[in-house]
Structures are given as C-alpha cells and as structure tokens.
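Engineer: Before anything else, here's the structure in question.
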Amino acid sequence: MRPCELITDSTAAQLGITGAPAKGPIHGVDSCRWRVRKADAGTSYTIDVAYYPKLGLADLVADGQPTPISLGRHKAVQAFGPDGLGCVVSIEVTAKSRVDVSVLGGDPSTLCAPAKNAAQLVEPLLPPS
C-alpha cells in the first residue's frame with residue numbers, strides 16, 4: 001500500500017491541501033504528509049497518512065481510549081495522538097494492519113473534524129477488510 005496514492009488530486013482539492021506531499025517514514029513506516037494552509041499559521045495543519053502493515057487497531061498508541069467511529073465498510077477509531085498532539089483516525093485494513101490519517105497543528109480539539117473528513121475520502125481506496 002502506498003500512502004501517497006491515498007490522497008488523490010481531487011481529494012487534495014476537497015481538503016484544501018496546497019502543494020505536493022512530503023514522502024518519508026513516520027515511526028518507521030511508509031507515509032505521506034500534506035499541508036493545509038489557512039489564513040493564519042495557528043489554524044493551518046498537516047495531514048499525515050501512514051500505513052502500518054504489522055499493527056492493527058488494537059496496537060494504536062493514543063492519549064486516552066480510542067473511540068469507535070462509523071467509516072464506510074471498514075472498522076475505524078478516532079483518538080488524540082500521544083501527549084494530546086493532533087487527532088488520528090485509524091482505519092482497519094486487516095486485523096493486524098491499519099492506515100492512520102493524522103492531523104497535526106494548532107488546537108487538538110479542532111483537528112478531529114478534518115482528520116475524519118480526510119479519512120472518509122481515504123477509506124474507499126482501501127482494500128476490503
């Protein structure tokens with residue numbers, strides 16, 4: 001699975017992404033990062049998409065208990081990242097693999113809506129679980 005292919009040009013436009021993705025490993029796994037620029041830096045954020053081929057939803061490290069959410073045909077959970085940084089929506093690919101859509105930026109309480117929006121656009125591109 002290639003995380004950079006999970007946000008298409010049309011998806012990027014819907015999400016307000018500006019520019020090309022930055023490719024590279026996050027936590028040792030394949031990932032891509034996109035920037036969403038707002039009127040001021042405090043409300044701008046990044047969207048990271050990472051594929052964890054050996055870690056399922058139960059392996060998610062989060063600040064607090066992840067909350068199950070409805071997301072297409074896949075199981076998914078939403079949580080604040082470690083130390084309350086950002087918001088992540090983790091989508092189950094198999095029992096032992098997942099795709100994380102993380103949004104990092106200013107106030108974490110405002111980042112779960114864009115994380116879920118991005119995850120809703122990524123989810124249909126994933127293989128059936």
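Residue names in the structure tokens use chain letters A, B, ... in the order shown, residue numbers from 1 in each chain, and ligand numbers from 1 in the order shown.
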From the DSSP assignment of the backbone, select every residue of stretch 48-125 of chain A that is strand (DSSP E), and format the answer as an MDAnalysis selection string.
Structural biologist: chainID A and resid 48:52 63:71 74:80 87:94 97:105
Engineer: Save out the residues we just selected, C-alpha atoms, as a compact mmCIF listing (two decimals), in the first residue's frame.
Structural biologist:
```txt
# COMPACT_ATOMS: atom_id res chain seq x y z
CA ASP A 48 -0.34 12.58 7.51
CA VAL A 49 -1.34 9.24 6.00
CA ALA A 50 0.67 6.25 7.22
CA TYR A 51 0.37 2.51 6.54
CA TYR A 52 1.15 0.16 9.42
CA ASP A 63 -3.82 9.77 24.54
CA GLY A 64 -6.83 8.15 26.19
CA GLN A 65 -9.14 5.45 24.89
CA PRO A 66 -9.79 5.47 21.12
CA THR A 67 -13.45 5.92 20.17
CA PRO A 68 -15.00 3.64 17.54
CA ILE A 69 -16.45 5.64 14.62
CA SER A 70 -18.51 4.81 11.57
CA LEU A 71 -16.42 4.98 8.42
CA HIS A 74 -14.01 -0.59 7.49
CA LYS A 75 -13.73 -0.58 11.27
CA ALA A 76 -12.19 2.67 12.49
CA VAL A 77 -11.32 4.50 15.69
CA GLN A 78 -10.57 8.14 16.47
CA ALA A 79 -8.26 9.41 19.19
CA PHE A 80 -5.95 12.19 20.20
CA CYS A 87 -6.03 13.79 16.16
CA VAL A 88 -5.80 10.42 14.42
CA VAL A 89 -8.37 8.27 12.65
CA SER A 90 -7.11 4.70 12.36
CA ILE A 91 -8.74 2.51 9.71
CA GLU A 92 -8.51 -1.27 9.88
CA VAL A 93 -7.17 -2.92 6.73
CA THR A 94 -6.80 -6.34 8.36
CA SER A 97 -2.72 -3.78 9.70
CA ARG A 98 -4.12 -0.28 9.52
CA VAL A 99 -3.93 3.12 7.86
CA ASP A 100 -3.68 6.17 10.11
CA VAL A 101 -4.93 9.56 8.96
CA SER A 102 -3.48 12.10 11.40
CA VAL A 103 -3.98 15.83 11.55
CA LEU A 104 -1.38 17.87 13.43
CA GLY A 105 -1.40 21.58 14.03
```
Engineer: For each of A:Ala95, A:Leu6, A:Leu85, A:Val36, take the minimum atom-to-atom distance to A:Ala58, counting only C-alpha atoms, then give the residue where this is smallest.
Structural biologist: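 The answer is A:Ala95, which sits nearest to A:Ala58.
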Engineer: Set the distance at 12 Å and use only C-alpha atoms: which residues neighbour A:Ala13 once local chain neighbours fewer than 3 positions away are removed? I'd like the list as a list in words.
Structural biologist: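 Listing them by chain and then by number gives Ile7, Thr8, Asp9, Ser10, Gly16, Ile17, Thr18, Gly19, Ala20, Trp34, Arg35, Val36, Ala118 and Leu121 of chain A.
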Engineer: Residues of the last selection are to be written out with C-alpha atoms, as a compact mmCIF listing (two decimals), in the first residue's frame.
Structural biologist:
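Once written, selection-v8.txt looks like this:
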```txt
# COMPACT_ATOMS: atom_id res chain seq x y z
CA ILE A 7 -4.99 11.26 -1.34
CA THR A 8 -5.71 11.93 -4.99
CA ASP A 9 -5.55 15.34 -6.68
CA SER A 10 -9.33 15.68 -6.42
CA GLY A 16 -7.70 22.37 0.91
CA ILE A 17 -4.25 20.83 0.51
CA THR A 18 -1.63 23.06 -1.05
CA GLY A 19 1.45 21.64 -2.73
CA ALA A 20 2.89 18.20 -3.24
CA TRP A 34 0.36 17.25 3.09
CA ARG A 35 -0.02 20.86 4.25
CA VAL A 36 -3.32 22.72 4.60
CA ALA A 118 -9.74 13.11 5.22
CA LEU A 121 -12.01 10.20 1.48
```
Engineer: Using DSSP on the backbone coordinates, identify the residues of chain A assigned to helix (DSSP H, G or I); present them as a ChimeraX atom specification.
Structural biologist: /A:3-5,9-15,41-43,57-59,82-84,108-110,112-125
Engineer: Looking at only C-alpha atoms, which of A:Cys32, A:Ala22, A:Cys112, A:Val61 is the one that sits closest to A:Glu5?
Structural biologist: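 Nearest to A:Glu5: A:Cys32.
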Engineer: One number please: atom CA of A:Leu125 to atom CA of A:Asp59, in Å, one decimal.
Structural biologist: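 These atoms are spaced 22.2 Å apart.
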Engineer: Considering only C-alpha atoms, can you say which of A:Ala39, A:Ala62, A:Ile47, A:Leu15 comes closest to A:Pro3?
Structural biologist: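 Ranking A:Ala39, A:Ala62, A:Ile47, A:Leu15 by distance to A:Pro3, first place goes to A:Ile47.
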Engineer: Could you check how far atom CA of A:Leu111 sits from atom CA of A:Gly28, in Å to one decimal?
Structural biologist: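 Computing it gives 23.6 Å between the two atoms.
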Engineer: What does the distance between atom CA of A:Gly81 and atom CA of A:Val29 come to in Å, to one decimal place?
Structural biologist: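 Spanning atom CA of A:Gly81 to atom CA of A:Val29 is a straight-line distance of 16.5 Å.
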Engineer: Show which residues sit within 6 Å of A:Lys96, as number ranges by chain. Count only C-alpha atoms, and ignore same-chain residues fewer than 6 positions away.
Structural biologist: A: 54-56
Engineer: Using only C-alpha atoms for the distances, tell me which of A:Leu57, A:Pro128, A:Gly106, A:Ala113 is nearest to A:Asp40.
Structural biologist: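 Between A:Leu57, A:Pro128, A:Gly106, A:Ala113, the residue approaching A:Asp40 most closely is A:Gly106.
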Engineer: Which one is closest to A:Val122: A:Pro53, A:Gly72, A:Pro25, A:Gly86? Count only C-alpha atoms.
Structural biologist: A:Gly72
Engineer: Between A:Tyr45, A:Pro82, A:Met1, A:Gln14, which residue has the minimum interatomic distance to A:Gln120, considering only C-alpha atoms?
Structural biologist: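 Checking each of A:Tyr45, A:Pro82, A:Met1, A:Gln14 against A:Gln120, counting only C-alpha atoms, the winner is A:Gln14.
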